[in-house]
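K.L.:
Input upload.cif, format and content: mmCIF, C-alpha atoms and all ligand atoms.
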```
data_protein
#
loop_
_atom_site.label_atom_id
_atom_site.label_comp_id
_atom_site.auth_asym_id
_atom_site.auth_seq_id
_atom_site.Cartn_x
_atom_site.Cartn_y
_atom_site.Cartn_z
CA MET O 1 0.00 0.00 0.00
CA ASN O 2 1.07 3.50 -0.67
CA LEU O 3 0.60 5.28 2.65
CA HIS O 4 1.39 8.58 0.96
CA ASP O 5 -2.13 8.40 -0.43
CA THR O 6 -4.02 9.80 2.53
CA GLU O 7 -7.10 10.23 0.33
CA ILE O 8 -7.63 6.46 0.08
CA PRO O 9 -11.14 5.53 1.38
CA LEU O 10 -10.86 3.62 4.67
CA GLY O 11 -12.91 0.72 3.32
CA ARG O 12 -10.53 0.33 0.37
CA LEU O 13 -7.53 0.45 2.71
CA VAL O 14 -8.97 -2.40 4.80
CA ALA O 15 -10.04 -4.37 1.71
CA GLU O 16 -6.40 -4.31 0.57
CA HIS O 17 -4.94 -4.83 4.05
CA PRO O 18 -7.41 -6.62 6.35
CA HIS O 19 -4.79 -6.91 9.09
CA LEU O 20 -5.02 -3.14 9.65
CA ILE O 21 -8.47 -3.68 11.22
CA ARG O 22 -7.10 -4.01 14.76
CA THR O 23 -5.06 -0.82 14.47
CA LEU O 24 -8.01 1.14 13.03
CA GLU O 25 -10.36 -0.18 15.73
CA GLY O 26 -7.81 0.76 18.38
CA LEU O 27 -7.80 4.30 17.00
CA GLY O 28 -11.62 4.37 16.89
CA LEU O 29 -11.65 4.87 13.09
CA ASP O 30 -14.82 3.53 11.44
CA TYR O 31 -13.88 1.54 8.32
CA CYS O 32 -17.22 -0.22 7.70
CA CYS O 33 -20.29 2.08 7.57
CA GLY O 34 -17.89 5.03 7.25
CA GLY O 35 -15.69 3.20 4.76
CA GLN O 36 -16.28 5.69 1.94
CA ARG O 37 -14.48 8.51 3.76
CA PRO O 38 -10.86 9.27 2.89
CA LEU O 39 -8.29 8.39 5.57
CA SER O 40 -7.32 12.04 6.08
CA GLN O 41 -10.94 13.10 6.63
CA ALA O 42 -11.69 10.26 9.07
CA VAL O 43 -8.55 11.11 11.06
CA ALA O 44 -9.45 14.81 11.18
CA GLU O 45 -13.02 14.08 12.29
CA LYS O 46 -11.69 11.96 15.13
CA GLY O 47 -9.35 14.79 16.19
CA LEU O 48 -6.26 12.59 15.67
CA ASP O 49 -2.86 13.57 14.33
CA LEU O 50 -2.43 12.34 10.76
CA GLU O 51 1.32 11.77 11.05
CA GLU O 52 0.87 9.70 14.22
CA VAL O 53 -1.89 7.62 12.60
CA LEU O 54 0.28 7.02 9.52
CA ALA O 55 3.15 5.92 11.80
CA SER O 56 0.85 3.42 13.57
CA LEU O 57 -0.42 2.06 10.24
CA LYS O 58 3.11 1.73 8.86
CA GLN O 59 4.21 -0.10 11.97
CA ALA O 60 1.23 -2.49 11.71
CA LEU O 61 1.99 -3.08 8.03
CA ALA O 62 5.66 -3.76 8.71
CA SER O 63 4.96 -6.19 11.52
CA THR O 64 2.47 -8.21 9.51
CA GLN O 65 3.96 -7.88 6.04
CA ASP O 66 2.77 -10.73 3.85
CA ALA O 67 1.17 -12.39 6.87
CA CYS O 68 -2.30 -11.75 5.57
CA ALA O 69 -3.16 -11.24 1.94
CA ALA O 70 -6.26 -9.38 0.79
CA PRO O 71 -8.26 -12.55 0.13
CA TRP O 72 -11.66 -11.18 -0.77
CA LEU O 73 -10.48 -8.76 -3.42
CA GLU O 74 -9.26 -11.71 -5.45
CA LYS O 75 -12.26 -14.02 -5.04
CA SER O 76 -15.50 -14.16 -7.00
CA CYS O 77 -18.72 -12.60 -5.71
CA SER O 78 -20.19 -16.05 -5.10
CA GLU O 79 -17.17 -17.11 -3.02
CA LEU O 80 -17.39 -13.91 -0.97
CA ILE O 81 -21.16 -14.39 -0.51
CA ASP O 82 -20.63 -17.98 0.58
CA HIS O 83 -18.11 -16.79 3.18
CA ILE O 84 -20.42 -13.98 4.43
CA VAL O 85 -23.38 -16.33 4.85
CA ARG O 86 -21.44 -19.13 6.52
CA SER O 87 -19.26 -16.99 8.72
CA HIS O 88 -21.10 -13.76 9.61
CA HIS O 89 -24.75 -14.74 9.12
CA GLY O 90 -24.05 -18.05 10.87
CA PHE O 91 -22.46 -16.19 13.78
CA LEU O 92 -25.49 -13.91 14.11
CA ARG O 93 -27.96 -16.81 14.00
CA THR O 94 -26.16 -18.37 16.96
CA GLU O 95 -25.33 -15.24 18.90
CA LEU O 96 -28.52 -13.16 18.59
CA PRO O 97 -30.76 -15.63 20.47
CA ARG O 98 -28.04 -16.25 23.06
CA LEU O 99 -27.35 -12.54 23.67
CA SER O 100 -31.07 -11.67 23.71
CA GLY O 101 -31.62 -14.32 26.37
CA LEU O 102 -28.67 -13.07 28.41
CA THR O 103 -29.83 -9.44 28.10
CA GLN O 104 -33.28 -10.43 29.40
CA LYS O 105 -31.83 -12.50 32.24
CA VAL O 106 -29.39 -9.81 33.42
CA PHE O 107 -32.15 -7.17 33.20
CA GLU O 108 -34.54 -9.28 35.30
CA VAL O 109 -31.97 -9.91 38.04
CA HIS O 110 -30.10 -6.57 38.13
CA GLY O 111 -32.35 -4.08 36.27
CA SER O 112 -33.70 -2.39 39.41
CA GLY O 113 -30.23 -1.22 40.38
CA ALA O 114 -28.97 -0.51 36.87
CA PRO O 115 -31.49 1.41 34.71
CA GLU O 116 -29.24 1.21 31.63
CA LEU O 117 -30.09 -2.51 31.42
CA GLU O 118 -33.67 -1.71 30.40
CA ASP O 119 -32.42 0.51 27.57
CA LEU O 120 -29.96 -2.19 26.58
CA ARG O 121 -32.76 -4.76 26.41
CA ARG O 122 -34.83 -2.42 24.22
CA VAL O 123 -31.94 -1.64 21.84
CA MET O 124 -31.00 -5.33 21.59
CA ALA O 125 -34.60 -6.35 20.81
CA GLY O 126 -34.82 -3.77 17.99
CA PHE O 127 -31.39 -4.73 16.66
CA ARG O 128 -32.28 -8.42 16.58
CA ASP O 129 -35.59 -7.82 14.75
CA GLU O 130 -33.95 -5.60 12.15
CA ILE O 131 -30.97 -7.86 11.56
CA GLU O 132 -33.02 -11.05 11.23
CA SER O 133 -35.12 -9.46 8.51
CA HIS O 134 -31.99 -7.96 6.91
CA LEU O 135 -30.28 -11.38 6.68
CA ALA O 136 -33.38 -12.87 5.06
CA LYS O 137 -33.49 -10.10 2.42
CA GLU O 138 -29.82 -10.60 1.58
CA GLU O 139 -30.03 -14.39 1.42
CA GLN O 140 -33.35 -14.65 -0.41
CA ILE O 141 -33.23 -11.68 -2.78
CA LEU O 142 -30.00 -9.72 -3.13
CA PHE O 143 -27.32 -12.40 -2.95
CA PRO O 144 -29.02 -14.77 -5.45
CA ALA O 145 -29.42 -11.81 -7.83
CA ILE O 146 -25.69 -10.99 -7.59
CA VAL O 147 -24.74 -14.65 -8.12
CA ALA O 148 -27.03 -14.77 -11.18
CA CYS O 149 -25.42 -11.63 -12.68
CA GLU O 150 -21.98 -13.11 -12.14
CA ALA O 151 -22.99 -16.47 -13.65
CA ARG O 152 -24.37 -14.73 -16.75
CA GLY O 153 -21.03 -13.00 -17.07
CA ALA O 154 -22.69 -9.61 -17.14
CA GLY O 155 -19.77 -7.40 -18.13
CA MET O 156 -18.53 -4.13 -16.76
CA SER O 157 -20.94 -1.25 -17.15
CA GLN O 158 -23.34 -3.32 -19.20
CA GLY O 159 -26.01 -3.65 -16.58
CA SER O 160 -28.87 -1.38 -15.75
CA GLY O 161 -27.63 -0.56 -12.25
CA VAL O 162 -30.88 -1.92 -10.81
CA LEU O 163 -29.21 -3.83 -7.98
CA ALA O 164 -27.00 -0.93 -6.97
CA GLN O 165 -29.83 1.60 -6.96
CA GLY O 166 -32.48 -0.52 -5.27
CA PRO O 167 -31.62 -3.33 -2.88
CA ILE O 168 -28.02 -2.31 -2.24
CA SER O 169 -28.92 1.24 -1.21
CA CYS O 170 -31.53 -0.25 1.08
CA MET O 171 -29.03 -2.71 2.64
CA GLU O 172 -26.50 0.08 3.15
CA SER O 173 -28.97 2.23 5.02
CA GLU O 174 -29.89 -0.77 7.19
CA HIS O 175 -26.16 -1.24 7.89
CA ASP O 176 -26.03 2.39 9.08
CA GLU O 177 -28.95 1.69 11.44
CA ALA O 178 -27.26 -1.47 12.76
CA GLY O 179 -24.05 0.51 13.29
CA ALA O 180 -25.99 3.13 15.26
CA ALA O 181 -27.61 0.45 17.46
CA LEU O 182 -24.20 -1.11 18.17
CA ALA O 183 -22.77 2.32 19.05
CA GLU O 184 -25.72 2.84 21.42
CA MET O 185 -25.02 -0.53 23.07
CA ARG O 186 -21.38 0.47 23.48
CA ARG O 187 -22.44 3.77 25.07
CA LEU O 188 -24.99 2.16 27.42
CA THR O 189 -22.45 -0.38 28.66
CA GLY O 190 -19.59 2.10 29.12
CA ASP O 191 -17.53 0.49 26.34
CA PHE O 192 -18.66 -2.98 27.41
CA SER O 193 -17.15 -2.60 30.90
CA PRO O 194 -19.19 -4.50 33.51
CA PRO O 195 -19.40 -3.09 37.04
CA GLU O 196 -16.86 -4.41 39.53
CA ALA O 197 -19.46 -6.55 41.30
CA ALA O 198 -21.06 -7.91 38.11
CA CYS O 199 -22.02 -11.59 38.06
CA GLY O 200 -20.79 -14.08 35.48
CA SER O 201 -23.83 -13.62 33.22
CA TRP O 202 -23.41 -9.84 33.17
CA ARG O 203 -19.72 -10.21 32.25
CA ALA O 204 -20.52 -12.85 29.61
CA LEU O 205 -23.15 -10.51 28.12
CA TYR O 206 -20.78 -7.55 27.75
CA GLN O 207 -18.03 -9.76 26.33
CA GLY O 208 -20.53 -11.23 23.85
CA LEU O 209 -21.74 -7.76 22.84
CA GLU O 210 -18.17 -6.65 22.15
CA GLU O 211 -17.59 -9.73 19.97
CA LEU O 212 -20.90 -9.02 18.21
CA GLU O 213 -19.71 -5.48 17.44
CA GLN O 214 -16.36 -6.73 16.09
CA ASP O 215 -17.97 -9.33 13.85
CA MET O 216 -20.60 -6.88 12.57
CA HIS O 217 -17.88 -4.36 11.66
CA ARG O 218 -16.07 -6.96 9.54
CA HIS O 219 -19.38 -8.19 8.07
CA ILE O 220 -20.55 -4.71 7.03
CA HIS O 221 -17.10 -3.89 5.70
CA GLU O 222 -17.04 -6.99 3.47
CA GLU O 223 -20.50 -6.15 2.11
CA ASN O 224 -20.29 -2.34 1.73
CA ASN O 225 -16.68 -1.94 0.69
CA ILE O 226 -15.97 -5.11 -1.28
CA LEU O 227 -19.14 -6.87 -2.51
CA PHE O 228 -21.37 -3.85 -3.11
CA GLU O 229 -18.50 -1.83 -4.58
CA ARG O 230 -17.97 -4.61 -7.11
CA VAL O 231 -21.68 -4.66 -8.05
CA ARG O 232 -21.58 -0.88 -8.56
CA ALA O 233 -18.43 -1.08 -10.69
CA ALA O 234 -20.05 -3.78 -12.85
CA GLY O 235 -23.21 -1.69 -13.30
CA TRP O 236 -25.45 -4.57 -12.14
FE FE Q 1 -24.94 -9.74 5.61
FE FE Q 2 -25.83 -6.69 5.30
#
```
Can you present the structure in this file as structure tokens?
Ligand SMILES: [Fe+2]
Ligand SMILES: [Fe+2]
P.N.:
Amino acid sequence: MNLHDTEIPLGRLVAEHPHLIRTLEGLGLDYCCGGQRPLSQAVAEKGLDLEEVLASLKQALASTQDACAAPWLEKSCSELIDHIVRSHHGFLRTELPRLSGLTQKVFEVHGSGAPELEDLRRVMAGFRDEIESHLAKEEQILFPAIVACEARGAGMSQGSGVLAQGPISCMESEHDEAGAALAEMRRLTGDFSPPEAACGSWRALYQGLEELEQDMHRHIHEENNILFERVRAAGW
């Protein structure tokens, strides 16, 4: 990567160098829903020093050189979709019921002394409803349509742009809403830090929510910045 190009969109940077995710997350830079923004702009909005951020990124690149290729840029849409459904959608189908149950349980036991748990339960319930319907739309409508375009060999800029204008715009705005719900959960839980006296379930809940956030960031990144970008470029 050419780190002199500070105008590179964050999503593109991560698509080329997935191992920079940890560094960007550590700096609080949003590479998934905010992946269209240039690096310099994202750094400025966060009030960070560009030179210091570049130094951190260069260090991360040097320490992991060649350790992790940019796998999804080189794979087909159907391979990427297969990975997204197995890995990220599979994770959500296991974790959403488990975390909803834990949220309810911790609220019932500790809610009277911790009012934020009621808000957390409400945000989690809304998040789960929205995401379950979102996954169904991707798996039943959008992803099969992308696979069909690829199988037909629809060439660059030969399509009508129907997928990009309709379902993809809709999925992207739902990703923004999911990102906002996750940010609200982070705020309500004080960055997923349980109180000193928290029981095992409370701790397990906050740890699970943090893992949910991490997986959703990678999931949205792979859709917005790699898969959907490719559909747009192909004019499908
Ligand atoms: Fe998805
Ligand atoms: Fe999605």
K.L.:
Counting all atoms listed in the file, name the residues that have an atom within 7 Å of an atom of ligand FE 2 (chain Q); the answer should be given as JSON, numbers by chain.
P.N.:
{"O": [134, 135, 138, 171, 175, 220, 223]}
K.L.:
What residues have any atom no more than 10 Å from ligand FE 1 (chain Q) when counting only C-alpha atoms and all ligand atoms, and can you list them as a PyMOL selection string?
P.N.:
chain O and resi 81+84-85+87-90+92+131-132+134-139+143+171+175+216+219-224
K.L.:
Select, from O:Ala148, O:Trp72, O:Ile168, O:Ala60, the residue with the minimum atom-to-atom distance to O:Ile21, counting all atoms listed in the file.
P.N.:
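Using all atoms listed in the file, the shortest distance to O:Ile21 belongs to O:Ala60.
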K.L.:
Using all atoms listed in the file, pick whichever of O:Gly34, O:Gly200, O:Gly47, O:Gly190 has the shortest atom-to-atom distance to O:Lys105.
P.N.:
O:Gly200
K.L.:
What does the distance between atom CA of O:Val53 and atom CA of O:Ile8 come to in Å, to one decimal place?
P.N.:
13.8 Å
K.L.:
Considering only C-alpha atoms, can you say which of O:Val231, O:Asn225, O:Ala164, O:Glu116 comes closest to O:Leu188?
P.N.:
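The closest residue to O:Leu188 is O:Glu116.
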K.L.:
Quick one: residues within 12 Å of O:Gly126, all atoms listed in the file counted, chain neighbours fewer than 6 positions away excluded, as a PyMOL selection string?
P.N.:
chain O and resi 96+100+119-120+132-133+177-178+180-182+184-185
K.L.:
With distances taken over all atoms listed in the file, which residue among O:His217, O:Arg12, O:Arg186, O:Arg128 lies nearest O:Arg37?
P.N.:
O:Arg12
K.L.:
Near O:Gly161, counting all atoms listed in the file, which residues have an atom at most 10 Å away, once you skip same-chain residues fewer than 3 positions from it, shown as an MDAnalysis selection string?
P.N.:
chainID O and resid 157:158 164:166 231:236
K.L.:
Could you tell me how far atom CA of O:Met124 lies from atom CA of O:Leu20, in Å and to one decimal?
P.N.:
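Straight-line distance from atom CA of O:Met124 to atom CA of O:Leu20 works out to 28.7 Å.
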K.L.:
In Å, with one decimal, what is the gap from atom CA of O:Ile146 to atom CA of O:Leu227?
P.N.:
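Computing the Euclidean distance for atom CA of O:Ile146 and atom CA of O:Leu227 yields 9.3 Å.
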K.L.:
For O:Leu57, list every protein, DNA or RNA residue within 10 Å, evaluated using all atoms listed in the file, and leave out those in the same chain fewer than 2 positions away; present the list as a list of chain:residue names.
P.N.:
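The residues that qualify are O:Leu3, O:Leu20, O:Ile21, O:Thr23, O:Leu24, O:Glu51, O:Glu52, O:Val53, O:Leu54, O:Ala55, O:Gln59, O:Ala60, O:Leu61, O:Ala62, O:Ser63.
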K.L.:
Near O:Leu99, counting all atoms listed in the file, which residues have an atom at most 7 Å away, once you skip same-chain residues fewer than 4 positions from it, shown as an NGL selection string?
P.N.:
:O and (95 or 103 or 205 or 208)
K.L.:
Can you pull out every residue within 12 Å of O:Cys199, counting all atoms listed in the file, but drop anything in the same chain fewer than 5 positions away, and send it as a PDB file with C-alpha atoms, in the frame of the given file?
P.N.:
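Wrote it out as around04.pdb, contents follow:
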```pdb
ATOM      1  CA  LEU O 102     -28.670 -13.070  28.410  1.00  0.00           C
ATOM      2  CA  LYS O 105     -31.830 -12.500  32.240  1.00  0.00           C
ATOM      3  CA  VAL O 106     -29.390  -9.810  33.420  1.00  0.00           C
ATOM      4  CA  VAL O 109     -31.970  -9.910  38.040  1.00  0.00           C
ATOM      5  CA  HIS O 110     -30.100  -6.570  38.130  1.00  0.00           C
ATOM      6  CA  PRO O 194     -19.190  -4.500  33.510  1.00  0.00           C
ATOM      7  CA  ALA O 204     -20.520 -12.850  29.610  1.00  0.00           C
ATOM      8  CA  LEU O 205     -23.150 -10.510  28.120  1.00  0.00           C
ATOM      9  CA  TYR O 206     -20.780  -7.550  27.750  1.00  0.00           C
TER      10      TYR O 206
END
```
K.L.:
Which is closest to O:Pro115 among O:Glu196, O:Gly179, O:Thr189, O:Leu163, if we use all atoms listed in the file?
P.N.:
O:Thr189
